[in-house]
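A.B. asks: Take this structure first; my questions come after.
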Amino acid sequence: MNFFDLSRNPGPMVGAHRGYRAIRPENTLASFEAARGQCHYIEMDVQMSCEGVAVVHHDDILGRTCDIEHPARVDTLFLAELRQLDFGSWFAQKDPFGTLQNGTVKEEELTPLFPQRIMTFEELLVWRNRVAIPLNIEIKDQKGGKYDGAVVDAVLKEVDKAKCMESVIISSFNHDYLKEISCKMPEVMLGALQEEENPPNICQYLRDIGASAYHPDSEIVNRELLVALRSNGFAVNVFTVNDRTLQQDLLRDGATSIITDFPSLTIVDDLSAA
């Protein structure tokens, strides 16, 4: 039975967004390690290298989270070239969540962690199997890139090889990818990512694309939507929710989980105690 199956885990749960990215550089081993013990599962992202290796990275353009000299698409660099980049030191320089400034993180904690090298998706799954933490795998939209027609197969190949199908859910904003996965490997659980507005006839829409979960932006979620989806058997994993009051409200109203940059199991503990 899949970890993300409602019959096993109906919620409430906490997902760590790109790992514990408020205190460590996102989508790196350091971030994933920091999230352990603070969440029920980790959300992460898959892009493709120039030669077609699935790698763990959010942006399609390199630059925000590494020391590349000139911005470039991830899929224009070979894995060996990506391995030369540091995906960690930028965090100490930019302090994106102010956690260095407010003392939550000490610079002396971070320095020994750098450099952080990009992980292949295969390496992440090996780590996942060792530590036994569930993953929400987001396939980034490759439309307009060279691997639009190949990214699904690349991801499914690694998931199948790692034999971790019962511990993952695959999500994407590109719902055509979800349809493709549903046809090729129907036993994989799928989450439809959505922002700006909800699809009309949403329950039927999710059934049509083979999704068992809806992953909406918190800005398009209300109690009525949560009740409708949950009563029709869909999990609802809401992103990206950093406000504690909103986290509690969403979970009380029926969200299966919230995905946050500040993961903490006390979110659920506090809810249970209320």
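Simple scheme: letters A, B, ... for chains in structure tokens order, numbers from 1 for residues in each chain, numbers from 1 for ligands in the order shown.
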Can you tell me which residues surround stretch 232-236 of chain A at a distance of at most 10 Å, considering only C-alpha atoms, apart from same-chain residues fewer than 5 positions away, and format the answer as an MDAnalysis selection string?
C.D. replies: chainID A and resid 4:7 9:11 191:192 203:204 206:207 211:216 221 225:227 250:251 254:258
A.B. asks: Show me, as a tab-separated table, the residues of stretch 34-67 of chain A having an atom within 12 Å of stretch 108-119 of chain A, each with the closest atom pair and its distance in Å, using only C-alpha atoms.
C.D. replies:
residue	atom	partner	partner_atom	distance
A:Ala34	CA	A:Leu110	CA	11.6
A:Met44	CA	A:Met119	CA	11.2
A:Asp45	CA	A:Met119	CA	10.8
A:Val46	CA	A:Met119	CA	10.0
A:Gln47	CA	A:Met119	CA	10.8
A:Met48	CA	A:Met119	CA	11.4
A:Ser49	CA	A:Ile118	CA	10.8
A:Val53	CA	A:Met119	CA	10.4
A:Ala54	CA	A:Met119	CA	9.0
A:Val55	CA	A:Met119	CA	5.9
A:Val56	CA	A:Met119	CA	5.5
A:His57	CA	A:Ile118	CA	7.6
A:His58	CA	A:Ile118	CA	11.2
A:Leu62	CA	A:Ile118	CA	11.4
A:Thr65	CA	A:Gln116	CA	10.5
A:Cys66	CA	A:Gln116	CA	9.2
A:Asp67	CA	A:Pro115	CA	10.1
A.B. asks: Identify, with DSSP run on backbone atoms, the residues in stretch 5-34 of chain A assigned to strand (DSSP E or B), and express the list as a ChimeraX atom specification.
C.D. replies: /A:13-17
A.B. asks: Could you name the residues that touch A:Lys163 at 12 Å or less, counting only C-alpha atoms, but leaving out those on the same chain fewer than 3 positions away, as a PyMOL selection string?
C.D. replies: chain A and resi 122+125-126+128-129+132+156-160+166-168+188
A.B. asks: I'd like to know which of A:Gln248, A:Gly52, A:Asn222, A:Phe97 is closest to A:Ala154, using only C-alpha atoms.
C.D. replies: A:Gly52
A.B. asks: Determine the nearest neighbour of A:Lys184 from the options A:Ile139, A:Leu124, A:Leu82, A:Val155, counting only C-alpha atoms.
C.D. replies: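 Closest candidate: A:Val155.
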A.B. asks: List the neighbours of A:Lys106 out to 10 Å using only C-alpha atoms; skip same-chain residues closer than 6 positions along the sequence, and give me the result as an mmCIF file with all heavy atoms, in the first residue's frame.
C.D. replies:
data_model
loop_
_atom_site.group_PDB
_atom_site.id
_atom_site.type_symbol
_atom_site.label_atom_id
_atom_site.label_comp_id
_atom_site.auth_asym_id
_atom_site.auth_seq_id
_atom_site.Cartn_x
_atom_site.Cartn_y
_atom_site.Cartn_z
ATOM 1 N N ILE A 23 16.465 26.563 6.032
ATOM 2 C CA ILE A 23 17.720 26.553 6.795
ATOM 3 C C ILE A 23 18.885 25.918 6.034
ATOM 4 O O ILE A 23 20.020 25.941 6.523
ATOM 5 C CB ILE A 23 17.566 25.858 8.164
ATOM 6 C CG1 ILE A 23 17.240 24.367 8.000
ATOM 7 C CG2 ILE A 23 16.504 26.555 9.008
ATOM 8 C CD1 ILE A 23 17.338 23.582 9.304
ATOM 9 N N ALA A 92 24.284 30.962 2.023
ATOM 10 C CA ALA A 92 24.908 31.805 3.048
ATOM 11 C C ALA A 92 25.043 33.237 2.568
ATOM 12 O O ALA A 92 24.951 34.184 3.358
ATOM 13 C CB ALA A 92 26.276 31.235 3.423
ATOM 14 N N THR A 99 17.053 33.404 7.933
ATOM 15 C CA THR A 99 17.319 32.534 9.074
ATOM 16 C C THR A 99 18.740 32.673 9.617
ATOM 17 O O THR A 99 19.008 32.312 10.763
ATOM 18 C CB THR A 99 17.032 31.063 8.706
ATOM 19 O OG1 THR A 99 17.644 30.757 7.439
ATOM 20 C CG2 THR A 99 15.539 30.819 8.601
ATOM 21 N N LEU A 100 19.649 33.190 8.810
ATOM 22 C CA LEU A 100 20.979 33.532 9.321
ATOM 23 C C LEU A 100 20.911 34.829 10.120
ATOM 24 O O LEU A 100 21.455 34.935 11.215
ATOM 25 C CB LEU A 100 21.964 33.685 8.159
ATOM 26 C CG LEU A 100 22.630 32.407 7.659
ATOM 27 C CD1 LEU A 100 23.205 32.611 6.271
ATOM 28 C CD2 LEU A 100 23.723 31.961 8.624
#
A.B. asks: As a count of residues only, please: every residue in stretch 181-261 of chain A that DSSP puts in alpha helix (DSSP H).
C.D. replies: 30
A.B. asks: Check the smallest atom-to-atom distance from each of A:Thr266, A:Gln142, A:Asn136, A:Asn198 to A:Gly37 using only C-alpha atoms, then report the winner.
C.D. replies: A:Thr266
A.B. asks: For A:His17, which residue among A:Ile209, A:Val105, A:Leu271, A:Leu135 is the nearest when counting only C-alpha atoms?
C.D. replies: A:Leu135
A.B. asks: Find the residues around stretch 194-196 of chain A up to 9 Å (only C-alpha atoms counted), leave out those fewer than 3 positions away in its own chain, and share them as a PyMOL selection string.
C.D. replies: chain A and resi 172-173+199+214-220
A.B. asks: Interatomic distance between atom CA of A:Tyr147 and atom CA of A:Asp75?
C.D. replies: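 Atom-to-atom, atom CA of A:Tyr147 and atom CA of A:Asp75 are spaced 8.1 Å apart.
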A.B. asks: Write out as a list in words which residues come within 10 Å of A:Tyr20 when counting only C-alpha atoms, dropping same-chain ones fewer than 3 positions away.
C.D. replies: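 After dropping sequence-adjacent residues, the list is Gly15, Ala16, His17, Ile23, Arg24, Pro25, Glu26, Asn27, Thr28, Ala30, Ser31, Phe32, Glu33, Ala34, Ala35, Arg36, Gln38, Cys39, Ile42, Glu43, Thr260, Asp261, Phe262, Pro263 and Ser264 of chain A.
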A.B. asks: Next, write the just-selected residues to a file, as a PDB file, in the first residue's frame, keeping N, CA and C atoms as the atom set.
C.D. replies:
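What ended up in out-v6.pdb:
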ATOM      1  N   GLY A  15       4.725  18.214   4.621  1.00  0.00           N
ATOM      2  CA  GLY A  15       5.716  17.947   3.588  1.00  0.00           C
ATOM      3  C   GLY A  15       6.768  19.038   3.579  1.00  0.00           C
ATOM      4  N   ALA A  16       8.027  18.648   3.431  1.00  0.00           N
ATOM      5  CA  ALA A  16       9.136  19.604   3.423  1.00  0.00           C
ATOM      6  C   ALA A  16       9.416  20.041   1.986  1.00  0.00           C
ATOM      7  N   HIS A  17       9.220  21.327   1.717  1.00  0.00           N
ATOM      8  CA  HIS A  17       9.320  21.890   0.371  1.00  0.00           C
ATOM      9  C   HIS A  17      10.776  22.015  -0.063  1.00  0.00           C
ATOM     10  N   ILE A  23      16.465  26.563   6.032  1.00  0.00           N
ATOM     11  CA  ILE A  23      17.720  26.553   6.795  1.00  0.00           C
ATOM     12  C   ILE A  23      18.885  25.918   6.034  1.00  0.00           C
ATOM     13  N   ARG A  24      18.610  25.349   4.853  1.00  0.00           N
ATOM     14  CA  ARG A  24      19.658  24.742   4.042  1.00  0.00           C
ATOM     15  C   ARG A  24      19.372  25.023   2.563  1.00  0.00           C
ATOM     16  N   PRO A  25      20.402  25.008   1.712  1.00  0.00           N
ATOM     17  CA  PRO A  25      20.173  25.251   0.292  1.00  0.00           C
ATOM     18  C   PRO A  25      19.242  24.197  -0.315  1.00  0.00           C
ATOM     19  N   GLU A  26      18.207  24.666  -0.974  1.00  0.00           N
ATOM     20  CA  GLU A  26      17.134  23.807  -1.464  1.00  0.00           C
ATOM     21  C   GLU A  26      17.600  22.717  -2.417  1.00  0.00           C
ATOM     22  N   ASN A  27      16.851  21.592  -2.368  1.00  0.00           N
ATOM     23  CA  ASN A  27      17.071  20.474  -3.288  1.00  0.00           C
ATOM     24  C   ASN A  27      18.502  19.927  -3.262  1.00  0.00           C
ATOM     25  N   THR A  28      19.147  20.035  -2.104  1.00  0.00           N
ATOM     26  CA  THR A  28      20.474  19.446  -1.921  1.00  0.00           C
ATOM     27  C   THR A  28      20.399  18.381  -0.840  1.00  0.00           C
ATOM     28  N   ALA A  30      22.033  18.321   1.823  1.00  0.00           N
ATOM     29  CA  ALA A  30      22.005  19.010   3.120  1.00  0.00           C
ATOM     30  C   ALA A  30      20.578  19.384   3.507  1.00  0.00           C
ATOM     31  N   SER A  31      19.814  19.838   2.541  1.00  0.00           N
ATOM     32  CA  SER A  31      18.428  20.225   2.797  1.00  0.00           C
ATOM     33  C   SER A  31      17.558  19.011   3.114  1.00  0.00           C
ATOM     34  N   PHE A  32      17.785  17.925   2.402  1.00  0.00           N
ATOM     35  CA  PHE A  32      17.001  16.719   2.637  1.00  0.00           C
ATOM     36  C   PHE A  32      17.331  16.101   3.993  1.00  0.00           C
ATOM     37  N   GLU A  33      18.613  16.101   4.330  1.00  0.00           N
ATOM     38  CA  GLU A  33      19.011  15.569   5.645  1.00  0.00           C
ATOM     39  C   GLU A  33      18.419  16.400   6.778  1.00  0.00           C
ATOM     40  N   ALA A  34      18.395  17.722   6.587  1.00  0.00           N
ATOM     41  CA  ALA A  34      17.847  18.606   7.625  1.00  0.00           C
ATOM     42  C   ALA A  34      16.360  18.389   7.821  1.00  0.00           C
ATOM     43  N   ALA A  35      15.673  17.934   6.780  1.00  0.00           N
ATOM     44  CA  ALA A  35      14.223  17.732   6.858  1.00  0.00           C
ATOM     45  C   ALA A  35      13.833  16.464   7.603  1.00  0.00           C
ATOM     46  N   ARG A  36      14.755  15.521   7.678  1.00  0.00           N
ATOM     47  CA  ARG A  36      14.444  14.266   8.361  1.00  0.00           C
ATOM     48  C   ARG A  36      14.082  14.516   9.820  1.00  0.00           C
ATOM     49  N   GLN A  38      11.530  16.140  10.746  1.00  0.00           N
ATOM     50  CA  GLN A  38      10.728  17.357  10.812  1.00  0.00           C
ATOM     51  C   GLN A  38       9.487  17.295   9.911  1.00  0.00           C
ATOM     52  N   CYS A  39       9.335  16.189   9.189  1.00  0.00           N
ATOM     53  CA  CYS A  39       8.249  16.104   8.212  1.00  0.00           C
ATOM     54  C   CYS A  39       7.838  14.652   8.022  1.00  0.00           C
ATOM     55  N   ILE A  42       9.176  14.408   1.894  1.00  0.00           N
ATOM     56  CA  ILE A  42       9.939  15.493   1.279  1.00  0.00           C
ATOM     57  C   ILE A  42       9.447  15.716  -0.145  1.00  0.00           C
ATOM     58  N   GLU A  43       9.243  16.973  -0.497  1.00  0.00           N
ATOM     59  CA  GLU A  43       8.929  17.359  -1.878  1.00  0.00           C
ATOM     60  C   GLU A  43      10.221  17.791  -2.552  1.00  0.00           C
ATOM     61  N   THR A 260       5.609  22.972   3.129  1.00  0.00           N
ATOM     62  CA  THR A 260       6.113  24.209   3.714  1.00  0.00           C
ATOM     63  C   THR A 260       7.635  24.288   3.675  1.00  0.00           C
ATOM     64  N   ASP A 261       8.153  25.522   3.654  1.00  0.00           N
ATOM     65  CA  ASP A 261       9.588  25.768   3.718  1.00  0.00           C
ATOM     66  C   ASP A 261      10.112  25.628   5.143  1.00  0.00           C
ATOM     67  N   PHE A 262       9.196  25.607   6.117  1.00  0.00           N
ATOM     68  CA  PHE A 262       9.552  25.510   7.536  1.00  0.00           C
ATOM     69  C   PHE A 262       8.906  24.265   8.139  1.00  0.00           C
ATOM     70  N   PRO A 263       9.321  23.074   7.718  1.00  0.00           N
ATOM     71  CA  PRO A 263       8.665  21.860   8.205  1.00  0.00           C
ATOM     72  C   PRO A 263       8.882  21.633   9.690  1.00  0.00           C
ATOM     73  N   SER A 264       7.850  21.158  10.337  1.00  0.00           N
ATOM     74  CA  SER A 264       7.922  20.809  11.752  1.00  0.00           C
ATOM     75  C   SER A 264       6.736  19.926  12.080  1.00  0.00           C
TER      76      SER A 264
END
A.B. asks: Just the number, please: distance in Å from atom CA of A:Thr245 to atom CA of A:Leu265, one decimal.
C.D. replies: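 Interatomic distance, atom CA of A:Thr245 to atom CA of A:Leu265: 14.8 Å.
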A.B. asks: Quick one: residues within 10 Å of A:Arg64, only C-alpha atoms counted, chain neighbours fewer than 6 positions away excluded, as a PyMOL selection string?
C.D. replies: chain A and resi 71+87+90-91+94
